[in-house]
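> Have a peek at structure_20.txt (compact mmCIF, N, CA and C atoms).
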```
# COMPACT_ATOMS: atom_id res chain seq x y z
N MET E 1 11.91 -16.49 -26.77
CA MET E 1 12.91 -16.00 -25.83
C MET E 1 12.35 -14.77 -25.10
N TYR E 2 12.66 -14.66 -23.82
CA TYR E 2 12.18 -13.56 -23.00
C TYR E 2 13.15 -12.38 -23.09
N ARG E 3 12.64 -11.23 -23.50
CA ARG E 3 13.48 -10.03 -23.60
C ARG E 3 13.29 -9.17 -22.37
N PHE E 4 14.39 -8.65 -21.86
CA PHE E 4 14.37 -7.81 -20.67
C PHE E 4 14.59 -6.37 -21.09
N THR E 5 13.54 -5.56 -21.07
CA THR E 5 13.65 -4.17 -21.52
C THR E 5 14.08 -3.27 -20.35
N TYR E 6 14.51 -2.09 -20.71
CA TYR E 6 14.95 -1.13 -19.70
C TYR E 6 13.80 -0.73 -18.78
N LYS E 7 12.60 -0.59 -19.32
CA LYS E 7 11.45 -0.19 -18.52
C LYS E 7 11.16 -1.26 -17.45
N LYS E 8 11.21 -2.51 -17.83
CA LYS E 8 10.98 -3.59 -16.87
C LYS E 8 12.11 -3.64 -15.85
N PHE E 9 13.32 -3.41 -16.30
CA PHE E 9 14.47 -3.43 -15.40
C PHE E 9 14.37 -2.31 -14.36
N ILE E 10 14.02 -1.12 -14.79
CA ILE E 10 13.88 0.02 -13.87
C ILE E 10 12.74 -0.23 -12.89
N THR E 11 11.64 -0.79 -13.37
CA THR E 11 10.51 -1.09 -12.50
C THR E 11 10.91 -2.11 -11.44
N LEU E 12 11.57 -3.16 -11.86
CA LEU E 12 12.02 -4.19 -10.92
C LEU E 12 13.01 -3.61 -9.91
N LEU E 13 13.93 -2.78 -10.38
CA LEU E 13 14.91 -2.15 -9.50
C LEU E 13 14.23 -1.26 -8.46
N MET E 14 13.23 -0.50 -8.87
CA MET E 14 12.51 0.36 -7.94
C MET E 14 11.77 -0.46 -6.89
N ILE E 15 11.16 -1.56 -7.29
CA ILE E 15 10.45 -2.42 -6.34
C ILE E 15 11.43 -3.00 -5.32
N VAL E 16 12.57 -3.47 -5.79
CA VAL E 16 13.58 -4.03 -4.89
C VAL E 16 14.09 -2.97 -3.92
N LEU E 17 14.33 -1.76 -4.41
CA LEU E 17 14.82 -0.69 -3.55
C LEU E 17 13.79 -0.31 -2.49
N VAL E 18 12.52 -0.28 -2.86
CA VAL E 18 11.47 0.04 -1.89
C VAL E 18 11.39 -1.04 -0.82
N ILE E 19 11.49 -2.30 -1.21
CA ILE E 19 11.44 -3.39 -0.24
C ILE E 19 12.64 -3.32 0.71
N ILE E 20 13.83 -3.11 0.17
CA ILE E 20 15.03 -3.01 1.01
C ILE E 20 14.93 -1.81 1.95
N GLY E 21 14.46 -0.68 1.43
CA GLY E 21 14.28 0.50 2.27
C GLY E 21 13.28 0.26 3.39
N GLY E 22 12.21 -0.45 3.09
CA GLY E 22 11.21 -0.77 4.12
C GLY E 22 11.77 -1.66 5.20
N VAL E 23 12.57 -2.64 4.82
CA VAL E 23 13.18 -3.53 5.81
C VAL E 23 14.15 -2.76 6.71
N ILE E 24 14.96 -1.90 6.11
CA ILE E 24 15.91 -1.10 6.90
C ILE E 24 15.16 -0.16 7.85
N TRP E 25 14.09 0.48 7.36
CA TRP E 25 13.30 1.39 8.19
C TRP E 25 12.66 0.63 9.34
N TYR E 26 12.13 -0.55 9.07
CA TYR E 26 11.47 -1.35 10.10
C TYR E 26 12.47 -1.77 11.18
N LYS E 27 13.68 -2.16 10.78
CA LYS E 27 14.68 -2.56 11.76
C LYS E 27 15.11 -1.37 12.62
N GLU E 28 15.19 -0.19 12.02
CA GLU E 28 15.53 1.01 12.78
C GLU E 28 14.44 1.32 13.80
N GLN E 29 13.19 1.18 13.41
CA GLN E 29 12.08 1.48 14.31
C GLN E 29 12.07 0.52 15.49
N THR E 30 12.35 -0.75 15.26
CA THR E 30 12.34 -1.71 16.37
C THR E 30 13.56 -1.52 17.26
N ALA E 31 14.66 -1.03 16.73
CA ALA E 31 15.87 -0.83 17.53
C ALA E 31 15.75 0.41 18.41
N ASN E 32 14.91 1.37 18.03
CA ASN E 32 14.80 2.63 18.77
C ASN E 32 13.68 2.63 19.79
N LYS E 33 13.15 1.47 20.15
CA LYS E 33 12.08 1.41 21.14
C LYS E 33 12.60 1.81 22.51
N GLU E 34 11.71 2.40 23.30
CA GLU E 34 12.08 2.79 24.66
C GLU E 34 12.20 1.54 25.53
N ALA E 35 13.12 1.58 26.46
CA ALA E 35 13.31 0.44 27.37
C ALA E 35 12.09 0.31 28.27
N PRO E 36 11.74 -0.92 28.66
CA PRO E 36 10.62 -1.11 29.59
C PRO E 36 10.87 -0.41 30.92
N LYS E 37 9.79 -0.10 31.63
CA LYS E 37 9.90 0.65 32.90
C LYS E 37 10.78 -0.08 33.91
N ARG E 38 10.66 -1.40 33.97
CA ARG E 38 11.46 -2.16 34.94
C ARG E 38 12.95 -2.02 34.63
N ALA E 39 13.31 -2.02 33.35
CA ALA E 39 14.71 -1.85 32.97
C ALA E 39 15.21 -0.47 33.39
N ASN E 40 14.39 0.56 33.25
CA ASN E 40 14.79 1.91 33.69
C ASN E 40 14.96 1.94 35.19
N PHE E 41 14.08 1.25 35.92
CA PHE E 41 14.16 1.21 37.37
C PHE E 41 15.47 0.56 37.83
N VAL E 42 15.81 -0.56 37.20
CA VAL E 42 17.06 -1.25 37.55
C VAL E 42 18.26 -0.38 37.21
N LEU E 43 18.22 0.30 36.07
CA LEU E 43 19.32 1.18 35.68
C LEU E 43 19.49 2.31 36.69
N ASN E 44 18.37 2.87 37.17
CA ASN E 44 18.45 3.94 38.18
C ASN E 44 19.07 3.43 39.47
N ILE E 45 18.72 2.22 39.88
CA ILE E 45 19.31 1.64 41.11
C ILE E 45 20.81 1.46 40.94
N ILE E 46 21.23 0.98 39.77
CA ILE E 46 22.66 0.78 39.51
C ILE E 46 23.39 2.11 39.54
N GLU E 47 22.80 3.13 38.91
CA GLU E 47 23.45 4.46 38.90
C GLU E 47 23.52 5.05 40.30
N LEU E 48 22.47 4.89 41.09
CA LEU E 48 22.49 5.40 42.46
C LEU E 48 23.54 4.68 43.29
N GLY E 49 23.71 3.38 43.06
CA GLY E 49 24.73 2.62 43.77
C GLY E 49 26.12 3.12 43.44
N GLU E 50 26.35 3.51 42.20
CA GLU E 50 27.65 4.02 41.81
C GLU E 50 27.90 5.40 42.40
N VAL E 51 26.86 6.22 42.49
CA VAL E 51 27.02 7.56 43.03
C VAL E 51 27.22 7.50 44.55
N ASN E 52 26.42 6.70 45.22
CA ASN E 52 26.48 6.64 46.69
C ASN E 52 27.52 5.65 47.21
N GLY E 53 27.94 4.73 46.37
CA GLY E 53 28.77 3.65 46.85
C GLY E 53 30.21 3.92 46.75
```
Could you express the structure from this file as structure tokens?

Amino acid sequence: MYRFTYKKFITLLMIVLVIIGGVIWYKEQTANKEAPKRANFVLNIIELGEVNG
């Protein structure tokens, strides 16, 4: 029979937490990317149209 000790449990828990933390960090990094230059250009045109229009 396979026995599950506290040391193995803590090690497994730490590995899972590191993996989950890495995934969350990676998703945050991809979400915070700067918009492409063309998107900024279009946004500026839209804002100017609202100000002048």
> Between atom N of Phe9 in chain E and CA of Lys27 in chain E, what distance in Å does the model show, to one decimal?
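Separation of atom N of Phe9 in chain E and CA of Lys27 in chain E: 28.1 Å.
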> Can you work out the spacing between atom N of Thr11 in chain E and atom N of Gln29 in chain E in Å, to one decimal?
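Separating atom N of Thr11 in chain E from atom N of Gln29 in chain E is a distance of 26.9 Å.
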> Could you state the separation of atom C of Met14 in chain E and atom C of Thr30 in chain E in Å, given to one decimal place?
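For atom C of Met14 in chain E relative to atom C of Thr30 in chain E, the distance reads 24.2 Å.
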